[in-house]
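Written below as structure tokens is the structure these notes are about.
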Amino acid sequence: MFSEKANSIFQDAIATYKVLNTIDQPFENKYDKNNDVIAHLLYRKCWIDTVQWAYEDIIRDPNINPDAALKLKRMIDASNQDRTDTVEFIDSYFLDKYKDVEVKEDAKINSESPAWAIDRLSILALKIYHMHLETVRDDASQSHKDACQKKLDVLLDQRVDLSTAIDDLLEDISKGDKYMKVYKQMKMYNDDELNPVLRGQK
């Protein structure tokens with residue numbers, strides 16, 4: 001199933017990042033896009049999410065230098081754009097994969113595209129990883145560990161449900177029971193023609 005492959009790649013990306021565990025480390029994709037383009041995209045997607053998770057932790061430091069915070073905010077903005085672009089590349093992969101499927105007359109559209117559901121699966125992998133760490137922290141109280149274990153159980157259950165939903169959606173698309181309709185995100189705040197502040201700088 002597709003979700004099994006995706007979850008395995010997400011766990012690999014997170015584990016690889018955590019070896020050095022620094023936002024400054026170079027990125028090297030383990031998957032050759034010419035041999036397995038979707039694996040290449042999934043690994044890239046989760047790496048972006050993993051780095052951004054670290055960004056979000058750092059910027060919440062109450063003692064962070066304002067100049068450093070502003071620089072980090074710009075990095076988060078760039079990461080968000082990279083994330084969105086990668087999601088759209090993943091949807092493009094599926095659009096191409098299923099382009100020859102004959103869509104049934106009574107086919108329905110899903111509330112979100114496959115790639116945006118996969119986006120949530122990638123972030124869920126990070127939540128699971130970090131919540132697990134809280135259940136085994138040496139300096140945490142037993143009550144904290146127990147509370148985090150309950151949350152982890154819910155997250156693991158959520159991963160099963162989301163994985164099943166993604167696999168079902170892809171199967172429905174492959175059979176023509178559902179069809180893909182992708183909307184580009186059209187983010188406005190990075191566009192110097194659409195953001196009034198940026199437009200005013202021209």
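Each chain of the structure tokens is named A, B, ... in the order shown, its residues numbered from 1; ligands are numbered from 1 in display order.
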
Exercise. Extract the full set of helix (DSSP H, G or I) residues from segment 59-140 of chain A according to DSSP on the backbone, and format it as a ChimeraX atom specification.
Key: /A:59,66-97,114-135

With 10 Å as the cut-off and only C-alpha atoms counted, what is the closest atom pair between each nearby residue of segment 31-64 of chain A and segment 86-109 of chain A? Distances in Å to one decimal, ordered by chain and number, as a tab-separated table.
```
residue	atom	partner	partner_atom	distance
A:Val37	CA	A:Tyr93	CA	8.2
A:Ile38	CA	A:Ile90	CA	7.0
A:Ala39	CA	A:Ile90	CA	9.9
A:His40	CA	A:Ile90	CA	9.9
A:Leu41	CA	A:Ile90	CA	6.6
A:Leu42	CA	A:Ile90	CA	7.9
A:Arg44	CA	A:Thr86	CA	7.7
A:Lys45	CA	A:Thr86	CA	6.2
A:Cys46	CA	A:Thr86	CA	9.9
A:Ile48	CA	A:Thr86	CA	9.1
```

Hey, can you spit out that residue selection with C-alpha atoms as a PDB file, in the first residue's frame?
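What follows is the written file result_39.pdb:
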```
ATOM      1  CA  VAL A  37      10.315  10.117  -8.165  1.00  0.00           C
ATOM      2  CA  ILE A  38       7.568   9.747  -5.552  1.00  0.00           C
ATOM      3  CA  ALA A  39      10.016   8.429  -2.942  1.00  0.00           C
ATOM      4  CA  HIS A  40      12.284  11.365  -3.810  1.00  0.00           C
ATOM      5  CA  LEU A  41       9.414  13.803  -3.242  1.00  0.00           C
ATOM      6  CA  LEU A  42       8.201  12.152  -0.037  1.00  0.00           C
ATOM      7  CA  ARG A  44      12.111  15.861   0.544  1.00  0.00           C
ATOM      8  CA  LYS A  45       8.681  16.712   1.941  1.00  0.00           C
ATOM      9  CA  CYS A  46       9.346  15.196   5.350  1.00  0.00           C
ATOM     10  CA  ILE A  48      11.285  20.182   5.018  1.00  0.00           C
TER      11      ILE A  48
END
```

Residue neighbourhood Ala125 of chain A, 7 Å, only C-alpha atoms, exclusion window fewer than 3 positions, as a PDB file with C-alpha atoms, in the first residue's frame:
```
ATOM      1  CA  PHE A  10       8.980   9.713   6.622  1.00  0.00           C
ATOM      2  CA  GLN A  11      10.489   7.779   9.528  1.00  0.00           C
ATOM      3  CA  LEU A 121       0.714  12.230   7.293  1.00  0.00           C
ATOM      4  CA  SER A 122       4.248  13.641   7.194  1.00  0.00           C
ATOM      5  CA  ILE A 128       4.563  10.698  16.842  1.00  0.00           C
ATOM      6  CA  TYR A 129       8.359  10.897  16.959  1.00  0.00           C
TER       7      TYR A 129
END
```

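Of the listed residues (A:Ile9, A:Lys151, A:Lys33, A:Lys73), A:Lys73 comes nearest to Ile58 of chain A; the distances count only C-alpha atoms.
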
Exercise. Using only C-alpha atoms, find the one residue out of A:Asp177, A:Tyr55, A:Arg83, A:Val182 that sits nearest to Lys71 of chain A.
Key: A:Tyr55

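Neighbours of Val160 of chain A closer than or equal to 12 Å, with only C-alpha atoms counted and sequence neighbours fewer than 3 positions away skipped, come out as Ser3, Glu4, Asn7, Leu121, Leu124, Ala125, Asp153, Val154, Leu155, Leu156, Asp157, Ser163, Thr164, Ala165, Ile166 and Asp167 of chain A.
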
Exercise. Figure out the distance between atom CA of Gln25 of chain A and atom CA of Gln81 of chain A, please, to one decimal in Å.
Key: 19.7 Å
